[in-house]
>>> print(open('input_18.cif').read())   # mmCIF, C-alpha atoms
data_run
#
loop_
_atom_site.label_atom_id
_atom_site.label_comp_id
_atom_site.auth_asym_id
_atom_site.auth_seq_id
_atom_site.Cartn_x
_atom_site.Cartn_y
_atom_site.Cartn_z
CA MET A 1 28.06 48.42 22.24
CA PRO A 2 31.23 46.45 21.42
CA LYS A 3 31.88 45.33 17.85
CA ARG A 4 29.64 42.54 16.60
CA ASP A 5 32.47 39.98 16.38
CA ALA A 6 33.38 40.62 20.03
CA ILE A 7 29.73 40.20 21.00
CA ASP A 8 29.55 36.95 19.01
CA GLN A 9 32.69 35.61 20.70
CA LEU A 10 31.45 36.46 24.18
CA TYR A 11 28.06 34.94 23.43
CA SER A 12 29.68 31.76 22.09
CA LEU A 13 31.67 31.50 25.31
CA ILE A 14 28.57 31.90 27.49
CA ALA A 15 26.35 29.70 25.33
CA ASN A 16 29.07 27.06 24.88
CA GLU A 17 28.56 26.98 21.12
CA GLU A 18 31.18 25.78 18.68
CA ASP A 19 30.40 25.70 14.98
CA ALA A 20 26.68 25.92 14.41
CA ARG A 21 24.59 28.42 16.31
CA VAL A 22 21.69 26.91 18.19
CA CYS A 23 18.42 28.43 16.95
CA LYS A 24 15.73 26.22 18.45
CA ASP A 25 12.18 27.53 18.62
CA ILE A 26 12.88 31.01 17.18
CA PRO A 27 12.30 32.44 13.67
CA GLU A 28 15.15 31.78 11.22
CA GLU A 29 15.69 35.49 10.50
CA ALA A 30 16.17 36.15 14.24
CA CYS A 31 19.12 33.76 14.49
CA GLN A 32 21.83 36.28 13.50
CA GLU A 33 20.55 38.80 16.05
CA VAL A 34 20.72 36.40 19.01
CA PRO A 35 24.07 37.55 20.54
CA ARG A 36 23.20 41.26 20.47
CA ASN A 37 19.68 40.63 21.77
CA PHE A 38 21.05 38.32 24.47
CA PHE A 39 23.23 41.06 25.98
CA LEU A 40 20.64 43.83 25.61
CA ILE A 41 18.03 41.74 27.44
CA LEU A 42 20.67 40.68 29.99
CA ALA A 43 21.68 44.30 30.74
CA SER A 44 18.04 45.39 31.03
CA ASN A 45 17.29 42.57 33.46
CA VAL A 46 20.35 43.34 35.61
CA LEU A 47 19.40 47.02 35.90
CA THR A 48 15.82 46.25 36.91
CA LYS A 49 17.05 43.75 39.51
CA LEU A 50 19.20 46.49 41.01
CA GLY A 51 16.17 48.79 40.99
CA ASP A 52 14.14 46.13 42.76
CA LEU A 53 16.73 46.05 45.55
CA LEU A 54 16.56 49.81 46.01
CA ILE A 55 12.76 49.79 46.43
CA SER A 56 12.35 46.38 48.09
CA PRO A 57 9.04 46.38 50.00
CA LYS A 58 10.51 43.96 52.55
CA THR A 59 13.35 46.32 53.48
CA VAL A 60 13.66 49.79 51.98
CA LEU A 61 9.99 50.73 51.57
CA ALA A 62 9.16 49.27 54.98
CA TRP A 63 11.84 51.47 56.54
CA VAL A 64 10.63 54.48 54.55
CA MET A 65 7.07 53.97 55.83
CA SER A 66 8.31 54.04 59.40
CA ALA A 67 10.57 57.02 58.68
CA VAL A 68 7.71 59.15 57.31
CA GLY A 69 5.38 58.13 60.15
CA ALA A 70 3.03 55.65 58.49
CA PRO A 71 3.99 52.25 59.97
CA ALA A 72 0.45 50.84 59.80
CA LEU A 73 0.64 50.83 55.98
CA VAL A 74 3.65 48.49 55.90
CA ALA A 75 1.36 45.43 55.76
CA TRP A 76 0.10 46.48 52.32
CA LEU A 77 3.48 46.78 50.61
CA VAL A 78 4.25 43.17 49.64
CA PRO A 79 0.69 42.18 48.55
CA ILE A 80 0.39 45.25 46.33
CA ARG A 81 3.90 44.87 44.92
CA GLU A 82 3.38 41.22 43.97
CA SER A 83 -0.32 40.91 43.16
CA GLY A 84 -0.80 44.32 41.58
CA SER A 85 1.33 43.30 38.62
CA MET A 86 -0.30 39.87 38.26
CA VAL A 87 -4.05 40.28 38.64
CA PRO A 88 -4.72 42.46 35.53
CA GLN A 89 -2.43 40.51 33.21
CA MET A 90 -5.16 38.73 31.24
CA VAL A 91 -6.48 42.12 30.13
CA ILE A 92 -2.96 43.40 29.48
CA ALA A 93 -2.19 40.29 27.41
CA ALA A 94 -5.20 40.94 25.18
CA TRP A 95 -3.68 44.31 24.28
CA VAL A 96 -0.18 42.94 23.87
CA ARG A 97 -1.40 40.10 21.64
CA ARG A 98 -2.63 42.54 19.00
CA ARG A 99 0.89 43.84 18.29
CA ALA A 100 3.32 41.91 16.13
CA VAL A 101 6.31 43.61 17.83
CA ARG A 102 5.99 43.66 21.62
CA LYS A 103 9.26 45.03 22.96
CA TRP A 104 7.71 48.49 23.23
CA PHE A 105 5.34 47.26 25.94
CA TRP A 106 8.37 46.34 28.05
CA THR A 107 10.07 49.67 27.33
CA LEU A 108 6.98 51.69 28.22
CA GLY A 109 6.42 49.51 31.29
CA SER A 110 9.98 50.24 32.42
CA PHE A 111 9.44 53.98 31.95
CA GLY A 112 6.16 53.66 33.85
CA GLN A 113 7.95 52.01 36.77
CA ALA A 114 10.52 54.81 36.73
CA ALA A 115 7.78 57.47 36.87
CA SER A 116 6.07 55.61 39.72
CA VAL A 117 9.28 55.49 41.75
CA VAL A 118 9.75 59.24 41.18
CA GLY A 119 6.24 59.59 42.66
CA MET A 120 7.41 57.67 45.73
CA ALA A 121 10.43 59.95 46.07
CA ALA A 122 8.19 63.04 45.79
CA SER A 123 5.87 61.66 48.48
CA VAL A 124 8.81 61.06 50.82
CA TRP A 125 10.34 64.50 50.24
CA PHE A 126 7.27 66.75 50.13
CA LEU A 127 4.78 64.95 52.40
CA GLU A 128 4.82 63.39 55.85
CA GLY A 129 2.81 60.99 57.98
CA TYR A 130 -0.01 59.05 56.38
CA ALA A 131 -0.20 61.52 53.48
CA ALA A 132 3.32 60.42 52.50
CA GLY A 133 2.43 56.78 53.14
CA GLY A 134 -0.68 57.09 50.99
CA GLY A 135 1.40 58.63 48.19
CA ILE A 136 3.85 55.73 48.36
CA ILE A 137 0.99 53.19 48.22
CA ALA A 138 -0.64 54.97 45.25
CA SER A 139 2.71 55.08 43.45
CA LEU A 140 3.29 51.39 44.23
CA ILE A 141 -0.06 50.49 42.66
CA ALA A 142 0.95 52.35 39.48
CA PHE A 143 4.37 50.68 39.65
CA SER A 144 2.82 47.22 39.85
CA LEU A 145 0.49 47.87 36.90
CA ALA A 146 3.43 49.03 34.76
CA ARG A 147 5.33 45.94 35.86
CA GLY A 148 2.47 43.81 34.52
CA PHE A 149 3.19 45.03 30.97
CA CYS A 150 6.86 44.10 31.42
CA SER A 151 6.03 40.65 32.76
CA VAL A 152 3.72 39.72 29.89
CA SER A 153 5.92 41.11 27.12
CA MET A 154 9.31 39.93 28.44
CA LYS A 155 8.56 36.22 28.15
CA ASP A 156 7.18 36.71 24.66
CA VAL A 157 10.12 38.81 23.42
CA GLN A 158 12.58 36.42 25.02
CA GLY A 159 10.78 33.49 23.42
CA LYS A 160 11.11 35.10 19.97
CA CYS A 161 14.67 36.38 20.34
CA ILE A 162 16.52 33.82 22.49
CA PRO A 163 16.69 30.14 21.44
CA LYS A 164 15.41 27.32 23.58
CA THR A 165 18.23 25.84 25.76
CA ARG A 166 19.72 29.36 26.10
CA ARG A 167 16.91 31.08 27.98
CA GLY A 168 17.66 29.59 31.37
CA ARG A 169 21.27 30.74 31.35
CA LEU A 170 20.16 34.24 30.33
CA SER A 171 17.92 34.44 33.40
CA GLY A 172 20.57 32.81 35.53
CA LEU A 173 23.30 35.23 34.43
CA ALA A 174 21.03 38.21 35.04
CA SER A 175 20.29 36.98 38.56
CA THR A 176 23.96 36.23 39.26
CA ILE A 177 25.23 39.60 38.04
CA GLY A 178 22.33 41.42 39.69
CA GLY A 179 22.83 39.51 42.93
CA THR A 180 26.55 40.29 42.99
CA ALA A 181 25.87 43.96 42.33
CA THR A 182 23.24 44.04 45.10
CA VAL A 183 25.80 42.69 47.57
CA ILE A 184 28.10 45.59 46.70
CA LEU A 185 25.26 48.13 46.82
CA THR A 186 24.02 46.79 50.14
CA VAL A 187 27.44 47.26 51.71
CA LEU A 188 27.93 50.73 50.19
CA LEU A 189 24.48 52.07 50.96
CA PHE A 190 23.48 50.48 54.25
CA TRP A 191 26.66 49.43 56.06
CA ASP A 192 26.98 51.13 59.47
CA ARG A 193 24.54 53.86 58.44
CA GLY A 194 22.26 53.62 61.47
CA ASP A 195 18.95 55.38 60.84
CA PRO A 196 19.18 57.14 57.44
CA ALA A 197 17.64 60.58 56.91
CA ILE A 198 14.72 61.32 54.59
CA ALA A 199 17.12 62.81 52.03
CA PHE A 200 18.95 59.47 51.82
CA TYR A 201 15.75 57.60 50.98
CA THR A 202 14.77 60.22 48.40
CA VAL A 203 18.09 59.92 46.59
CA LEU A 204 17.86 56.13 46.81
CA LEU A 205 14.45 56.15 45.09
CA LEU A 206 15.60 58.57 42.39
CA LEU A 207 18.61 56.33 41.70
CA ALA A 208 16.26 53.37 41.29
CA ALA A 209 14.09 55.38 38.86
CA ALA A 210 17.17 56.18 36.75
CA LEU A 211 17.99 52.45 36.51
CA TRP A 212 14.55 51.71 35.04
CA VAL A 213 14.92 54.53 32.49
CA ILE A 214 18.28 53.15 31.30
CA ALA A 215 16.88 49.62 31.19
CA GLY A 216 13.98 50.78 29.01
CA LEU A 217 16.33 52.55 26.60
CA LEU A 218 18.52 49.46 26.27
CA PHE A 219 15.55 47.15 25.72
CA SER A 220 14.25 49.39 22.94
CA GLY A 221 17.36 48.37 20.98
CA VAL A 222 16.37 44.69 20.87
CA LYS A 223 15.90 43.49 17.28
CA GLU A 224 12.53 41.76 17.44
CA TYR A 225 10.89 40.36 14.32
CA GLU A 226 7.15 40.40 13.89
CA GLY A 227 5.26 37.51 15.43
CA GLU A 228 1.73 36.22 15.56
CA THR A 229 -1.16 38.56 16.34
CA GLY A 230 -4.65 37.65 17.30
CA GLY A 231 -7.85 39.02 18.69
CA GLY A 232 -9.54 42.26 17.88
CA GLY A 233 -12.42 42.13 20.30
CA ASN A 234 -12.98 43.53 23.73
CA ALA A 235 -9.92 43.02 25.94
CA ILE A 236 -11.94 41.98 29.00
CA ASN A 237 -13.99 39.45 27.02
CA GLU A 238 -10.81 38.03 25.52
CA ALA A 239 -9.26 37.88 28.96
CA LEU A 240 -12.21 35.93 30.37
CA SER A 241 -12.18 33.55 27.42
CA SER A 242 -8.50 32.87 28.09
CA LEU A 243 -9.48 31.27 31.39
CA SER A 244 -10.72 28.30 29.36
CA LEU A 245 -7.06 27.30 29.13
CA LEU A 246 -7.30 26.12 32.73
CA ARG A 247 -10.15 23.82 31.76
CA ASP A 248 -8.99 22.59 28.35
CA ASP A 249 -5.19 22.60 28.51
CA VAL A 250 -4.23 19.87 31.00
CA PRO A 251 -0.42 20.41 30.93
CA PHE A 252 -0.89 24.12 31.51
CA ARG A 253 -3.37 23.51 34.35
CA ASP A 254 -0.92 21.13 36.01
CA PHE A 255 1.80 23.80 35.74
CA VAL A 256 -0.42 26.46 37.36
CA ILE A 257 -1.27 24.08 40.23
CA THR A 258 2.43 23.36 40.71
CA ARG A 259 3.35 27.03 40.63
CA ALA A 260 0.62 27.87 43.15
CA LEU A 261 1.85 25.26 45.62
CA LEU A 262 5.47 26.41 45.20
CA LEU A 263 4.47 29.93 46.29
CA SER A 264 5.54 28.70 49.71
CA SER A 265 9.20 29.37 48.86
CA ALA A 266 8.43 33.10 48.57
CA LEU A 267 5.88 33.40 51.38
CA ALA A 268 8.03 31.72 54.03
CA ALA A 269 10.96 34.16 53.88
CA PRO A 270 9.41 37.03 55.93
CA TYR A 271 8.56 34.61 58.74
CA PHE A 272 12.20 33.56 59.01
CA VAL A 273 13.00 37.25 59.55
CA VAL A 274 10.21 37.61 62.13
CA LEU A 275 11.46 34.56 64.07
CA ALA A 276 15.00 35.97 64.01
CA GLN A 277 13.81 39.34 65.29
CA LYS A 278 12.05 37.63 68.20
CA ALA A 279 15.11 35.49 68.97
CA SER A 280 17.61 38.37 68.89
CA ASP A 281 17.61 42.16 69.17
CA ILE A 282 20.92 42.58 67.31
CA GLY A 283 20.66 45.72 65.17
CA TRP A 284 22.78 44.50 62.26
CA MET A 285 20.65 41.38 61.69
CA LEU A 286 18.54 43.07 58.98
CA GLY A 287 21.68 43.79 56.97
CA VAL A 288 22.68 40.13 57.31
CA PHE A 289 19.37 39.00 55.83
CA LEU A 290 19.70 41.48 52.97
CA LEU A 291 23.19 40.19 52.21
CA ALA A 292 22.03 36.58 52.50
CA SER A 293 19.34 37.17 49.90
CA SER A 294 21.77 38.86 47.49
CA LEU A 295 24.50 36.25 47.95
CA ALA A 296 22.06 33.40 47.44
CA SER A 297 20.96 34.89 44.13
CA SER A 298 24.48 35.62 42.88
CA LEU A 299 25.90 32.23 43.90
CA SER A 300 23.07 29.98 42.72
CA ALA A 301 21.26 31.63 39.83
CA SER A 302 23.71 30.72 37.05
CA PHE A 303 23.77 27.12 38.27
CA TRP A 304 19.98 27.02 38.23
CA GLY A 305 19.95 28.71 34.81
CA TRP A 306 22.26 26.19 33.16
CA ALA A 307 20.34 23.35 34.82
CA ALA A 308 17.03 24.76 33.57
CA ASP A 309 18.29 24.60 29.99
CA THR A 310 18.65 20.85 30.51
CA SER A 311 15.41 20.35 32.45
CA SER A 312 13.42 23.22 33.93
CA ARG A 313 11.07 20.64 35.45
CA LYS A 314 13.88 19.10 37.50
CA VAL A 315 14.97 22.56 38.64
CA MET A 316 11.47 23.18 40.02
CA ILE A 317 11.54 19.79 41.75
CA ARG A 318 14.94 20.40 43.35
CA GLY A 319 14.13 23.96 44.37
CA GLY A 320 10.76 22.93 45.79
CA ALA A 321 12.30 20.06 47.73
CA MET A 322 14.96 22.36 49.21
CA ALA A 323 12.38 24.99 50.20
CA SER A 324 10.05 22.42 51.73
CA GLY A 325 12.90 20.73 53.59
CA ILE A 326 14.27 23.93 55.13
CA CYS A 327 10.79 25.15 56.15
CA LEU A 328 9.91 21.85 57.80
CA GLY A 329 13.37 21.69 59.38
CA VAL A 330 13.09 25.19 60.86
CA GLY A 331 9.51 24.58 61.98
CA VAL A 332 10.22 21.28 63.71
CA THR A 333 13.40 22.64 65.33
CA ALA A 334 11.50 25.65 66.67
CA VAL A 335 8.77 23.40 68.07
CA VAL A 336 11.26 21.09 69.79
CA PHE A 337 13.82 23.62 71.03
CA GLY A 338 11.82 26.86 71.05
CA THR A 339 12.07 29.88 68.73
CA GLY A 340 15.03 31.33 70.65
CA ILE A 341 17.38 28.70 69.24
CA GLY A 342 20.95 29.02 70.59
CA SER A 343 22.97 30.31 67.62
CA VAL A 344 22.29 33.81 66.31
CA TRP A 345 23.17 32.50 62.85
CA PHE A 346 20.50 29.78 62.72
CA TYR A 347 17.79 31.83 61.01
CA PRO A 348 20.11 33.74 58.62
CA ILE A 349 21.64 30.46 57.41
CA ALA A 350 18.18 28.94 56.98
CA PHE A 351 17.08 32.09 55.14
CA PHE A 352 20.13 31.79 52.87
CA VAL A 353 19.25 28.18 51.96
CA LEU A 354 15.59 29.15 51.40
CA SER A 355 16.69 32.00 49.12
CA ILE A 356 18.76 29.56 47.03
CA ALA A 357 15.75 27.24 46.82
CA HIS A 358 13.42 30.09 45.84
CA ALA A 359 15.83 31.18 43.10
CA GLY A 360 15.60 27.67 41.66
CA VAL A 361 11.81 27.54 41.88
CA ARG A 362 11.46 30.98 40.31
CA LEU A 363 13.93 30.41 37.48
CA GLY A 364 12.68 26.89 36.79
CA ARG A 365 9.04 27.87 36.46
CA LYS A 366 9.88 30.91 34.28
CA THR A 367 11.95 28.80 31.88
CA TYR A 368 9.33 26.03 31.87
CA LEU A 369 6.57 28.48 30.94
CA VAL A 370 8.57 30.01 28.07
CA ASP A 371 9.54 26.58 26.70
CA MET A 372 6.13 24.93 26.93
CA ALA A 373 4.40 27.19 24.37
CA GLY A 374 5.01 29.41 21.36
CA GLY A 375 3.34 32.30 19.56
CA ASN A 376 0.25 33.79 21.19
CA LYS A 377 -0.01 30.81 23.52
CA ARG A 378 3.08 32.00 25.34
CA THR A 379 1.47 35.38 26.00
CA ASP A 380 -1.79 33.76 27.09
CA TYR A 381 -0.03 31.25 29.34
CA THR A 382 1.92 34.04 31.04
CA ALA A 383 -1.12 36.25 31.55
CA VAL A 384 -3.51 33.56 32.76
CA SER A 385 -1.02 31.97 35.14
CA ASN A 386 0.10 35.32 36.58
CA THR A 387 -3.48 36.52 37.04
CA VAL A 388 -4.54 33.32 38.81
CA ILE A 389 -1.39 33.32 40.94
CA GLY A 390 -2.00 36.98 41.84
CA PHE A 391 -5.39 36.14 43.34
CA LEU A 392 -4.05 33.00 45.02
CA LEU A 393 -1.18 35.04 46.47
CA LEU A 394 -3.66 37.40 48.13
CA ALA A 395 -5.74 34.47 49.41
CA THR A 396 -2.71 32.56 50.70
CA GLY A 397 -1.33 35.71 52.27
CA GLY A 398 -4.62 36.18 54.12
CA LEU A 399 -4.57 32.56 55.26
CA THR A 400 -1.01 32.79 56.58
CA ALA A 401 -1.88 36.06 58.33
CA VAL A 402 -4.66 34.25 60.20
CA ILE A 403 -2.40 31.29 61.05
CA SER A 404 0.29 33.69 62.27
CA LEU A 405 -2.13 34.81 65.00
CA ILE A 406 -1.54 31.32 66.43
CA SER A 407 2.23 31.32 65.82
CA GLU A 408 4.79 32.08 63.13
CA VAL A 409 6.15 28.55 63.54
CA ALA A 410 2.77 27.14 62.50
CA VAL A 411 2.92 29.25 59.33
CA VAL A 412 6.39 27.93 58.48
CA LEU A 413 5.23 24.33 58.97
CA VAL A 414 2.12 24.84 56.82
CA LEU A 415 4.19 26.43 54.05
CA GLY A 416 6.68 23.57 54.28
CA LEU A 417 3.88 21.05 53.68
CA MET A 418 2.57 23.23 50.85
CA GLY A 419 6.03 23.19 49.26
CA LEU A 420 6.21 19.41 49.61
CA ALA A 421 2.90 19.12 47.75
CA GLY A 422 4.30 21.45 45.07
CA THR A 423 7.39 19.28 44.68
CA LEU A 424 5.26 16.18 44.18
CA SER A 425 3.10 18.09 41.70
CA ALA A 426 6.20 19.17 39.73
CA MET A 427 7.21 15.53 39.42
CA ARG A 428 3.99 14.94 37.47
CA LEU A 429 4.79 17.60 34.85
CA LYS A 430 6.04 16.66 31.39
CA GLU A 431 9.51 17.60 30.16
CA VAL A 432 9.46 20.56 27.76
CA THR A 433 13.17 21.28 27.23
CA ASP A 434 14.78 19.88 24.09
CA THR A 435 18.39 18.93 24.72
#
>>> encode(input="input_18.cif", output="structure tokens")
Amino acid sequence: MPKRDAIDQLYSLIANEEDARVCKDIPEEACQEVPRNFFLILASNVLTKLGDLLISPKTVLAWVMSAVGAPALVAWLVPIRESGSMVPQMVIAAWVRRRAVRKWFWTLGSFGQAASVVGMAASVWFLEGYAAGGGIIASLIAFSLARGFCSVSMKDVQGKCIPKTRRGRLSGLASTIGGTATVILTVLLFWDRGDPAIAFYTVLLLLAAALWVIAGLLFSGVKEYEGETGGGGNAINEALSSLSLLRDDVPFRDFVITRALLLSSALAAPYFVVLAQKASDIGWMLGVFLLASSLASSLSASFWGWAADTSSRKVMIRGGAMASGICLGVGVTAVVFGTGIGSVWFYPIAFFVLSIAHAGVRLGRKTYLVDMAGGNKRTDYTAVSNTVIGFLLLATGGLTAVISLISEVAVVLVLGLMGLAGTLSAMRLKEVTDT
């Protein structure tokens, strides 16, 4: 680590602080540790974002499944990756809530993800066919559960260590740096490689595991002061009682409804890829989509992050409106002109815009959730919303799978309307950011 004064100067530059340090909504004793904690959390987030690229279920793991001879299992990758970390979070939160210092849950979760990815690498190297595919799926389930501990604890640690009005730019910087690094990695690892060998995928997975180990070690250095604790009963009973928040806490319920409707920005992306594959057989198109996703994150995330520190609600509105607009635009264009639309760049450009919109939706709702509550409420809000969204993600995924039997264009149109409803719902939310 650089000297403390250098860290302070760099933090002041990023945070745009002059004389007095902003310490809104964090304990007074934590104020002096903000710069160091800011960069430790930032570095940990960047490393895990790089790891996510290297084991992306939409690209790398899907290719690995085909390479080992288990293509039928590809359909399970995204649902398990997303929902597996969300569904058990109310139970996880009951455990986390009992500890005054919660950074260790994130550290152990990061190590758990690393071990799970090593399991994937072992399955790829030592097994073949559906035995290898089954090993990857089992490891992905363990990975998602470990990720659940990170998800619950990160928002709480960030809420205790990073002041309000600085959290959005932390997330934005992490996404920008991570996105830029993924562009470089994509070019280095996948450019003009053709069909990689099993050894390449094994090394790729082991590299990803190393990133999570380093991230966990860095995060363990965060200076976190003790916070509120609560609950000593059965974790499942406490988890079920937490569901009462949806009934009794109207602002929180409105947020969960909004977040559920804005799932469309994430669910639509694979269908853009499917439409592009049907419109063109160009082999390098997959690399273009991977680069589009990375570039969208690196170019837009910091903008969204700074904007979220002013109003995370408006960021959700703008991101939702963009996502809805591009989905409806692509859907209507495909209906009128057919899915084989003239330019080969039509779907990649649309995917790029959708990725920018999704980055806004994702960053806006994360910042909104952290800012709208403190103490144990923040942990409960995170766990309840993620658990509910996990189930809704599975249900919505099933619904879109059925609609896709009619046509992929119909799915895009339905998700566009869903995003429009989410945008209108976000407009009803209250402002939670103090400026």
>>> atom_distance(input="input_18.cif", atom1="atom CA of Leu245 of chain A", atom2="atom CA of Ala93 of chain A")
14.0 Å
>>> atom_distance(input="input_18.cif", atom1="atom CA of Ala142 of chain A", atom2="atom CA of Thr396 of chain A")
23.0 Å
>>> atom_distance(input="input_18.cif", atom1="atom CA of Phe289 of chain A", atom2="atom CA of Ile214 of chain A")
28.3 Å
>>> closest_atom_pairs(input="input_18.cif", of="segment 162-224 of chain A", to="segment 101-116 of chain A", cutoff="6 Å", atoms="only C-alpha atoms", output="tab-separated table")
residue	atom	partner	partner_atom	distance
A:Ala209	CA	A:Ala114	CA	4.2
A:Trp212	CA	A:Ala114	CA	5.4
A:Val213	CA	A:Phe111	CA	5.5
A:Gly216	CA	A:Thr107	CA	4.4
>>> resolve_selection(input="input_18.cif", expression="the PyMOL selection byres ((chain A and resi 257) around 12)", output="PyMOL selection string")
chain A and resi 246+250-256+258-263+365+385-386+388-389+392+418-419+421-426+428-429
>>> closest_residue(input="input_18.cif", among="A:Asn45, A:Thr176, A:Asn37, A:Thr333", to="Ser300 of chain A", atoms="all atoms listed in the file")
A:Thr176
>>> closest_residue(input="input_18.cif", among="A:Ala276, A:Leu394, A:Ala357, A:Val409", to="Ile341 of chain A", atoms="only C-alpha atoms")
A:Ala276
>>> closest_residue(input="input_18.cif", among="A:Arg147, A:Arg81, A:Arg313, A:Arg36", to="Thr367 of chain A", atoms="all atoms listed in the file")
A:Arg313
>>> closest_residue(input="input_18.cif", among="A:Leu291, A:Leu145, A:Ala132, A:Cys161", to="Thr180 of chain A", atoms="only C-alpha atoms")
A:Leu291
>>> closest_residue(input="input_18.cif", among="A:Val118, A:Gly172, A:Leu185, A:Ala67", to="Trp306 of chain A", atoms="all atoms listed in the file")
A:Gly172
>>> resolve_selection(input="input_18.cif", expression="the PyMOL selection byres ((chain A and resi 348-351) around 9)", output="PyMOL selection string")
chain A and resi 269+272-273+276+285+288-289+292-293+326-327+330+344-347+352-356
>>> write_last_selection(input="input_18.cif", atoms="C-alpha atoms", output="CSV table (one decimal), in the frame of the given file")
chain,number,residue,atom,x,y,z
A,269,ALA,CA,11.0,34.2,53.9
A,272,PHE,CA,12.2,33.6,59.0
A,273,VAL,CA,13.0,37.2,59.6
A,276,ALA,CA,15.0,36.0,64.0
A,285,MET,CA,20.6,41.4,61.7
A,288,VAL,CA,22.7,40.1,57.3
A,289,PHE,CA,19.4,39.0,55.8
A,292,ALA,CA,22.0,36.6,52.5
A,293,SER,CA,19.3,37.2,49.9
A,326,ILE,CA,14.3,23.9,55.1
A,327,CYS,CA,10.8,25.2,56.2
A,330,VAL,CA,13.1,25.2,60.9
A,344,VAL,CA,22.3,33.8,66.3
A,345,TRP,CA,23.2,32.5,62.8
A,346,PHE,CA,20.5,29.8,62.7
A,347,TYR,CA,17.8,31.8,61.0
A,352,PHE,CA,20.1,31.8,52.9
A,353,VAL,CA,19.2,28.2,52.0
A,354,LEU,CA,15.6,29.2,51.4
A,355,SER,CA,16.7,32.0,49.1
A,356,ILE,CA,18.8,29.6,47.0
>>> residues_around(input="input_18.cif", residues="Ser56 of chain A", least_positions_apart="2", cutoff="12 Å", atoms="all atoms listed in the file", output="ChimeraX atom specification")
/A:48-54,58-64,74,77-78,81-82,117,140,182,186,204-205,208,290,293
>>> write_last_selection(input="input_18.cif", atoms="C-alpha atoms", output="PDB file, in the coordinates of the input")
ATOM      1  CA  THR A  48      15.820  46.250  36.910  1.00  0.00           C
ATOM      2  CA  LYS A  49      17.050  43.750  39.510  1.00  0.00           C
ATOM      3  CA  LEU A  50      19.200  46.490  41.010  1.00  0.00           C
ATOM      4  CA  GLY A  51      16.170  48.790  40.990  1.00  0.00           C
ATOM      5  CA  ASP A  52      14.140  46.130  42.760  1.00  0.00           C
ATOM      6  CA  LEU A  53      16.730  46.050  45.550  1.00  0.00           C
ATOM      7  CA  LEU A  54      16.560  49.810  46.010  1.00  0.00           C
ATOM      8  CA  LYS A  58      10.510  43.960  52.550  1.00  0.00           C
ATOM      9  CA  THR A  59      13.350  46.320  53.480  1.00  0.00           C
ATOM     10  CA  VAL A  60      13.660  49.790  51.980  1.00  0.00           C
ATOM     11  CA  LEU A  61       9.990  50.730  51.570  1.00  0.00           C
ATOM     12  CA  ALA A  62       9.160  49.270  54.980  1.00  0.00           C
ATOM     13  CA  TRP A  63      11.840  51.470  56.540  1.00  0.00           C
ATOM     14  CA  VAL A  64      10.630  54.480  54.550  1.00  0.00           C
ATOM     15  CA  VAL A  74       3.650  48.490  55.900  1.00  0.00           C
ATOM     16  CA  LEU A  77       3.480  46.780  50.610  1.00  0.00           C
ATOM     17  CA  VAL A  78       4.250  43.170  49.640  1.00  0.00           C
ATOM     18  CA  ARG A  81       3.900  44.870  44.920  1.00  0.00           C
ATOM     19  CA  GLU A  82       3.380  41.220  43.970  1.00  0.00           C
ATOM     20  CA  VAL A 117       9.280  55.490  41.750  1.00  0.00           C
ATOM     21  CA  LEU A 140       3.290  51.390  44.230  1.00  0.00           C
ATOM     22  CA  THR A 182      23.240  44.040  45.100  1.00  0.00           C
ATOM     23  CA  THR A 186      24.020  46.790  50.140  1.00  0.00           C
ATOM     24  CA  LEU A 204      17.860  56.130  46.810  1.00  0.00           C
ATOM     25  CA  LEU A 205      14.450  56.150  45.090  1.00  0.00           C
ATOM     26  CA  ALA A 208      16.260  53.370  41.290  1.00  0.00           C
ATOM     27  CA  LEU A 290      19.700  41.480  52.970  1.00  0.00           C
ATOM     28  CA  SER A 293      19.340  37.170  49.900  1.00  0.00           C
TER      29      SER A 293
END
>>> closest_residue(input="input_18.cif", among="A:Met65, A:Gly325, A:Phe337, A:Pro163", to="Glu128 of chain A", atoms="only C-alpha atoms")
A:Met65
>>> closest_atom_pairs(input="input_18.cif", of="segment 63-99 of chain A", to="segment 150-159 of chain A", cutoff="8 Å", atoms="only C-alpha atoms", output="CSV")
residue,atom,partner,partner_atom,distance
A:Ser85,CA,A:Ser151,CA,8.0
A:Gln89,CA,A:Val152,CA,7.0
A:Ile92,CA,A:Val152,CA,7.6
A:Ala93,CA,A:Val152,CA,6.4
A:Val96,CA,A:Ser153,CA,7.1
>>> residues_near_point(input="input_18.cif", point="(-3.2, 44.3, 44.6)", cutoff="9 Å", atoms="all atoms listed in the file", output="VMD selection string")
chain A and resid 76 79 to 87 141 144 390 to 391 394
>>> resolve_selection(input="input_18.cif", expression="the PyMOL selection byres ((chain A and resi 298) around 9)", output="JSON, numbers by chain")
{"A": [172, 173, 174, 175, 176, 177, 178, 179, 180, 181, 182, 183, 293, 294, 295, 296, 297, 299, 300, 301, 302]}
